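First comes the structure, then the notes that go with it.
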Amino acid sequence: MDRLREGDREKRYDEDEAGELVVREDGSQAIKKRRRKRRSKQEKHEVEKRKKRLRLLQFAGLLGLPLVIGIFFVVLVARYHSPSFEKNLKATLWERMGARVDFERLSPMFLNVGAKSVQANWPDGGILERFSFESVDAQVDWYRYFTGGWSGEQLIAQEGFVLFSERSGRGVQKVEGQELGMPGFDSYRCGLTSMYFGEKNSPFRLAGADVSFTPGAEGGDELLVTGGKLRVPGWGDWPVRRGTFRFGDSGCKVVSLRLGEGKRGLVLSGELNLADERHQLAARVEEERLSDLPGKNLGQFIDGEIKNQEGRVIFEGWDVLSHRFELEARPKFVSLKKLPFLEHLNEIYGETKYLNPEFSSLAEVKLARGDGWSSIEEMDLRETGLLAVKGRLGWREGRLSGELLVGLPDHKTILLKSKKRQQLLENSEQKDGYFWVSVEVSGTPESPVDSFSQYLGDEDKGGSEGVFDQLTK
């Protein structure tokens, strides 16, 4: 069977090789051979064709992709630079902020968004009236940029100001347009920021601070302030260490505002309700010289060290000139100086420590200060065996005033002739181990005057002749 099959194959092969005799139309004869299909070569040709098509597609893609991307970016940038986009952006900010926002040279270029300046104006009814920031720049999240919305970690401005007021008649109109889906930035920061209260360049303002605003923070929108100076009428400039504010629907919470340098300074905190006509903040004195708190006009007559004492700041509505600082303090010691009656005591006791007496047995004072005035109220100072002083001192519009009770130890020898000594004691009241005499203070901080010399028969209260010389000659 194998031989028969093999022979059959050879026969068919021979017939294929021999071919078939055919006669053409012109009468000639020829042998027609059957062509065999080469199946193995067909698949190879198909693979080559597929590879060629793939290479052509890849080449076309390499050429076309940059073109498509370029067209996409051109369309996207053109959209961000179009007037309709800026109009819709303003409408979006109106819905988010409630303010009309205007841009100067808005420049959204790829993932960087900048503007020469940004101004916002609020309509009537809010405490924010206006802000303006210069040299604004931000990095936008790439996926938000391509999907038509701007968001990122932080938007930064180099310089700007914020104006808080309750002024009406601002004339700010609503911005119409289509709201855009823009999540916004996580925080906003400005390097050199000024904050004005009541009006632009108001006497009460914060200047040169680094300010960071975080919307939607825990507890409300949060404002962080670092550096700069707080200018308060009648106080001068207070360095700002740092401050934290939180804003809600009803007003502002001052979490803490630390003023001063180093360990010295004040810490303000409390709630500011915009509906209230009278506002009050807690004021804690961390560490401060007593002479600095009432100002230089009264501070030159009293000194001491205050630590961790609680006071308060009071002001009426938006009248920044109505502010009043109050502090009831019990320092470890208080010293008096430069008051005329101290020179008299130095003469009649013959002890120089009366020129600058220190009180540590009892030291209580109540300080109050405002714009153009300051006072030391409810003063109660005692140093056993030396001196006691009660009463008040005040300064307003360049003039001194005060009513003091000066207590002279009833056991201490007074270096006066008997007539002068008797005159002094007759005008005093003996109580609690002291002879108390009433002394009125007047004059100016540069030339203080008091009435103590009248008990010594000295009519010239400011005379240059020594009291001891006058009373013992």
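Residue numbers start at 1 in each chain; chains themselves are named A, B, ... in the order of the structure tokens; ligands are numbered from 1 in the order shown.
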
Leaving out segment 235-246 of chain A and any residue of its chain fewer than 3 positions from it, which residues lie within 6 Å of it when counting only C-alpha atoms, given as a ChimeraX atom specification?
/A:220-232,252-260

As a ChimeraX atom specification, please: the residues near Gly391 of chain A (cut-off 12 Å, only C-alpha atoms, same-chain neighbours under 3 positions excluded).
/A:364-366,375-381,388,394,401-407,436-441

Write out as JSON lines the residues of segment 249-364 of chain A that have any atom within 7 Å of an atom of segment 446-458 of chain A, one row each with the nearest atom pair and its distance in Å to one decimal, counting only C-alpha atoms, sorted by chain and then rising number.
{"residue": "A:Leu339", "atom": "CA", "partner": "A:Pro448", "partner_atom": "CA", "distance": 6.8}
{"residue": "A:Pro340", "atom": "CA", "partner": "A:Asp450", "partner_atom": "CA", "distance": 6.2}
{"residue": "A:Phe341", "atom": "CA", "partner": "A:Phe452", "partner_atom": "CA", "distance": 5.7}

Just list the residues in segment 158-384 of chain A DSSP gives strand (DSSP E) on the backbone, as a ChimeraX atom specification.
/A:158-164,184-197,205-214,221-226,229-232,236-247,251-259,265-273,278-289,302-316,319-329,334-336,358-359,362-370,373-383

Could you state the separation of atom CA of Glu86 of chain A and atom CA of Ile127 of chain A in Å, given to one decimal place?
26.5 Å

Which of A:Glu277, A:Asp137, A:Asp210, A:Glu383 sits closest to Pro108 of chain A [using only C-alpha atoms]:
A:Asp137

Residues within 12 Å of Trp373 of chain A, only C-alpha atoms, excluding chain neighbours under 6 positions, as a list in words:
Pro233, Gly234, Trp235, Leu293, Pro294, Gly295, Lys296, Asn297, Leu298, Leu321, Ser322, His323, Arg324, Phe325, Leu367, Leu393, Gly394, Trp395, Arg396, Glu397, Gly398, Arg399, Leu400 and Ser401 of chain A

For N, CA and C atoms, I'd like the residues from the last selection saved as a PDB file, in the first residue's frame.
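The new file result_25.pdb reads:
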ATOM      1  N   PRO A 233      -3.547 105.183  67.743  1.00  0.00           N
ATOM      2  CA  PRO A 233      -3.472 106.597  68.121  1.00  0.00           C
ATOM      3  C   PRO A 233      -3.148 106.765  69.605  1.00  0.00           C
ATOM      4  N   GLY A 234      -2.151 107.585  69.881  1.00  0.00           N
ATOM      5  CA  GLY A 234      -1.756 107.823  71.252  1.00  0.00           C
ATOM      6  C   GLY A 234      -0.780 106.813  71.812  1.00  0.00           C
ATOM      7  N   TRP A 235      -0.536 105.729  71.080  1.00  0.00           N
ATOM      8  CA  TRP A 235       0.379 104.686  71.547  1.00  0.00           C
ATOM      9  C   TRP A 235       1.624 104.587  70.680  1.00  0.00           C
ATOM     10  N   LEU A 293       3.424 101.422  79.906  1.00  0.00           N
ATOM     11  CA  LEU A 293       1.991 101.265  79.660  1.00  0.00           C
ATOM     12  C   LEU A 293       1.215 102.577  79.672  1.00  0.00           C
ATOM     13  N   PRO A 294       1.461 103.502  80.595  1.00  0.00           N
ATOM     14  CA  PRO A 294       0.707 104.769  80.530  1.00  0.00           C
ATOM     15  C   PRO A 294       1.298 105.772  79.549  1.00  0.00           C
ATOM     16  N   GLY A 295       2.387 105.433  78.879  1.00  0.00           N
ATOM     17  CA  GLY A 295       3.019 106.362  77.950  1.00  0.00           C
ATOM     18  C   GLY A 295       4.096 107.185  78.640  1.00  0.00           C
ATOM     19  N   LYS A 296       4.915 107.844  77.845  1.00  0.00           N
ATOM     20  CA  LYS A 296       6.070 108.545  78.401  1.00  0.00           C
ATOM     21  C   LYS A 296       5.690 109.738  79.262  1.00  0.00           C
ATOM     22  N   ASN A 297       4.518 110.333  79.015  1.00  0.00           N
ATOM     23  CA  ASN A 297       4.150 111.518  79.787  1.00  0.00           C
ATOM     24  C   ASN A 297       3.907 111.202  81.257  1.00  0.00           C
ATOM     25  N   LEU A 298       3.265 110.066  81.548  1.00  0.00           N
ATOM     26  CA  LEU A 298       3.104 109.636  82.933  1.00  0.00           C
ATOM     27  C   LEU A 298       4.130 108.589  83.323  1.00  0.00           C
ATOM     28  N   LEU A 321     -10.831 106.200  67.650  1.00  0.00           N
ATOM     29  CA  LEU A 321     -10.275 107.132  68.623  1.00  0.00           C
ATOM     30  C   LEU A 321     -10.930 106.973  69.998  1.00  0.00           C
ATOM     31  N   SER A 322     -11.967 106.139  70.085  1.00  0.00           N
ATOM     32  CA  SER A 322     -12.642 105.931  71.370  1.00  0.00           C
ATOM     33  C   SER A 322     -12.019 104.808  72.180  1.00  0.00           C
ATOM     34  N   HIS A 323     -10.952 104.170  71.670  1.00  0.00           N
ATOM     35  CA  HIS A 323     -10.395 103.017  72.364  1.00  0.00           C
ATOM     36  C   HIS A 323      -9.884 103.409  73.753  1.00  0.00           C
ATOM     37  N   ARG A 324      -9.997 102.466  74.667  1.00  0.00           N
ATOM     38  CA  ARG A 324      -9.570 102.677  76.044  1.00  0.00           C
ATOM     39  C   ARG A 324      -8.940 101.390  76.556  1.00  0.00           C
ATOM     40  N   PHE A 325      -7.700 101.498  77.000  1.00  0.00           N
ATOM     41  CA  PHE A 325      -6.995 100.357  77.580  1.00  0.00           C
ATOM     42  C   PHE A 325      -7.034 100.469  79.094  1.00  0.00           C
ATOM     43  N   LEU A 367      -4.263 101.202  85.544  1.00  0.00           N
ATOM     44  CA  LEU A 367      -3.823 102.024  84.433  1.00  0.00           C
ATOM     45  C   LEU A 367      -4.940 102.157  83.405  1.00  0.00           C
ATOM     46  N   LEU A 393      -3.026 109.964  89.203  1.00  0.00           N
ATOM     47  CA  LEU A 393      -2.300 110.900  88.360  1.00  0.00           C
ATOM     48  C   LEU A 393      -2.878 110.807  86.955  1.00  0.00           C
ATOM     49  N   GLY A 394      -2.953 111.948  86.276  1.00  0.00           N
ATOM     50  CA  GLY A 394      -3.495 111.937  84.929  1.00  0.00           C
ATOM     51  C   GLY A 394      -2.762 112.893  84.019  1.00  0.00           C
ATOM     52  N   TRP A 395      -2.886 112.635  82.712  1.00  0.00           N
ATOM     53  CA  TRP A 395      -2.311 113.517  81.694  1.00  0.00           C
ATOM     54  C   TRP A 395      -3.298 113.609  80.539  1.00  0.00           C
ATOM     55  N   ARG A 396      -3.571 114.835  80.103  1.00  0.00           N
ATOM     56  CA  ARG A 396      -4.464 115.062  78.973  1.00  0.00           C
ATOM     57  C   ARG A 396      -4.101 116.381  78.318  1.00  0.00           C
ATOM     58  N   GLU A 397      -3.945 116.319  76.997  1.00  0.00           N
ATOM     59  CA  GLU A 397      -3.656 117.515  76.201  1.00  0.00           C
ATOM     60  C   GLU A 397      -2.461 118.288  76.742  1.00  0.00           C
ATOM     61  N   GLY A 398      -1.429 117.554  77.143  1.00  0.00           N
ATOM     62  CA  GLY A 398      -0.177 118.176  77.560  1.00  0.00           C
ATOM     63  C   GLY A 398      -0.114 118.652  78.985  1.00  0.00           C
ATOM     64  N   ARG A 399      -1.189 118.477  79.782  1.00  0.00           N
ATOM     65  CA  ARG A 399      -1.219 118.964  81.159  1.00  0.00           C
ATOM     66  C   ARG A 399      -1.342 117.799  82.133  1.00  0.00           C
ATOM     67  N   LEU A 400      -0.698 117.974  83.296  1.00  0.00           N
ATOM     68  CA  LEU A 400      -0.785 116.995  84.378  1.00  0.00           C
ATOM     69  C   LEU A 400      -1.888 117.375  85.352  1.00  0.00           C
ATOM     70  N   SER A 401      -2.479 116.355  85.968  1.00  0.00           N
ATOM     71  CA  SER A 401      -3.447 116.567  87.041  1.00  0.00           C
ATOM     72  C   SER A 401      -3.353 115.382  87.982  1.00  0.00           C
TER      73      SER A 401
END

Every residue of segment 262-321 of chain A that DSSP places in helix (DSSP H, G or I), as a ChimeraX atom specification
/A:290-292,296-299

Atom CA of Ile306 of chain A to atom CA of Lys263 of chain A measures 11.8 Å
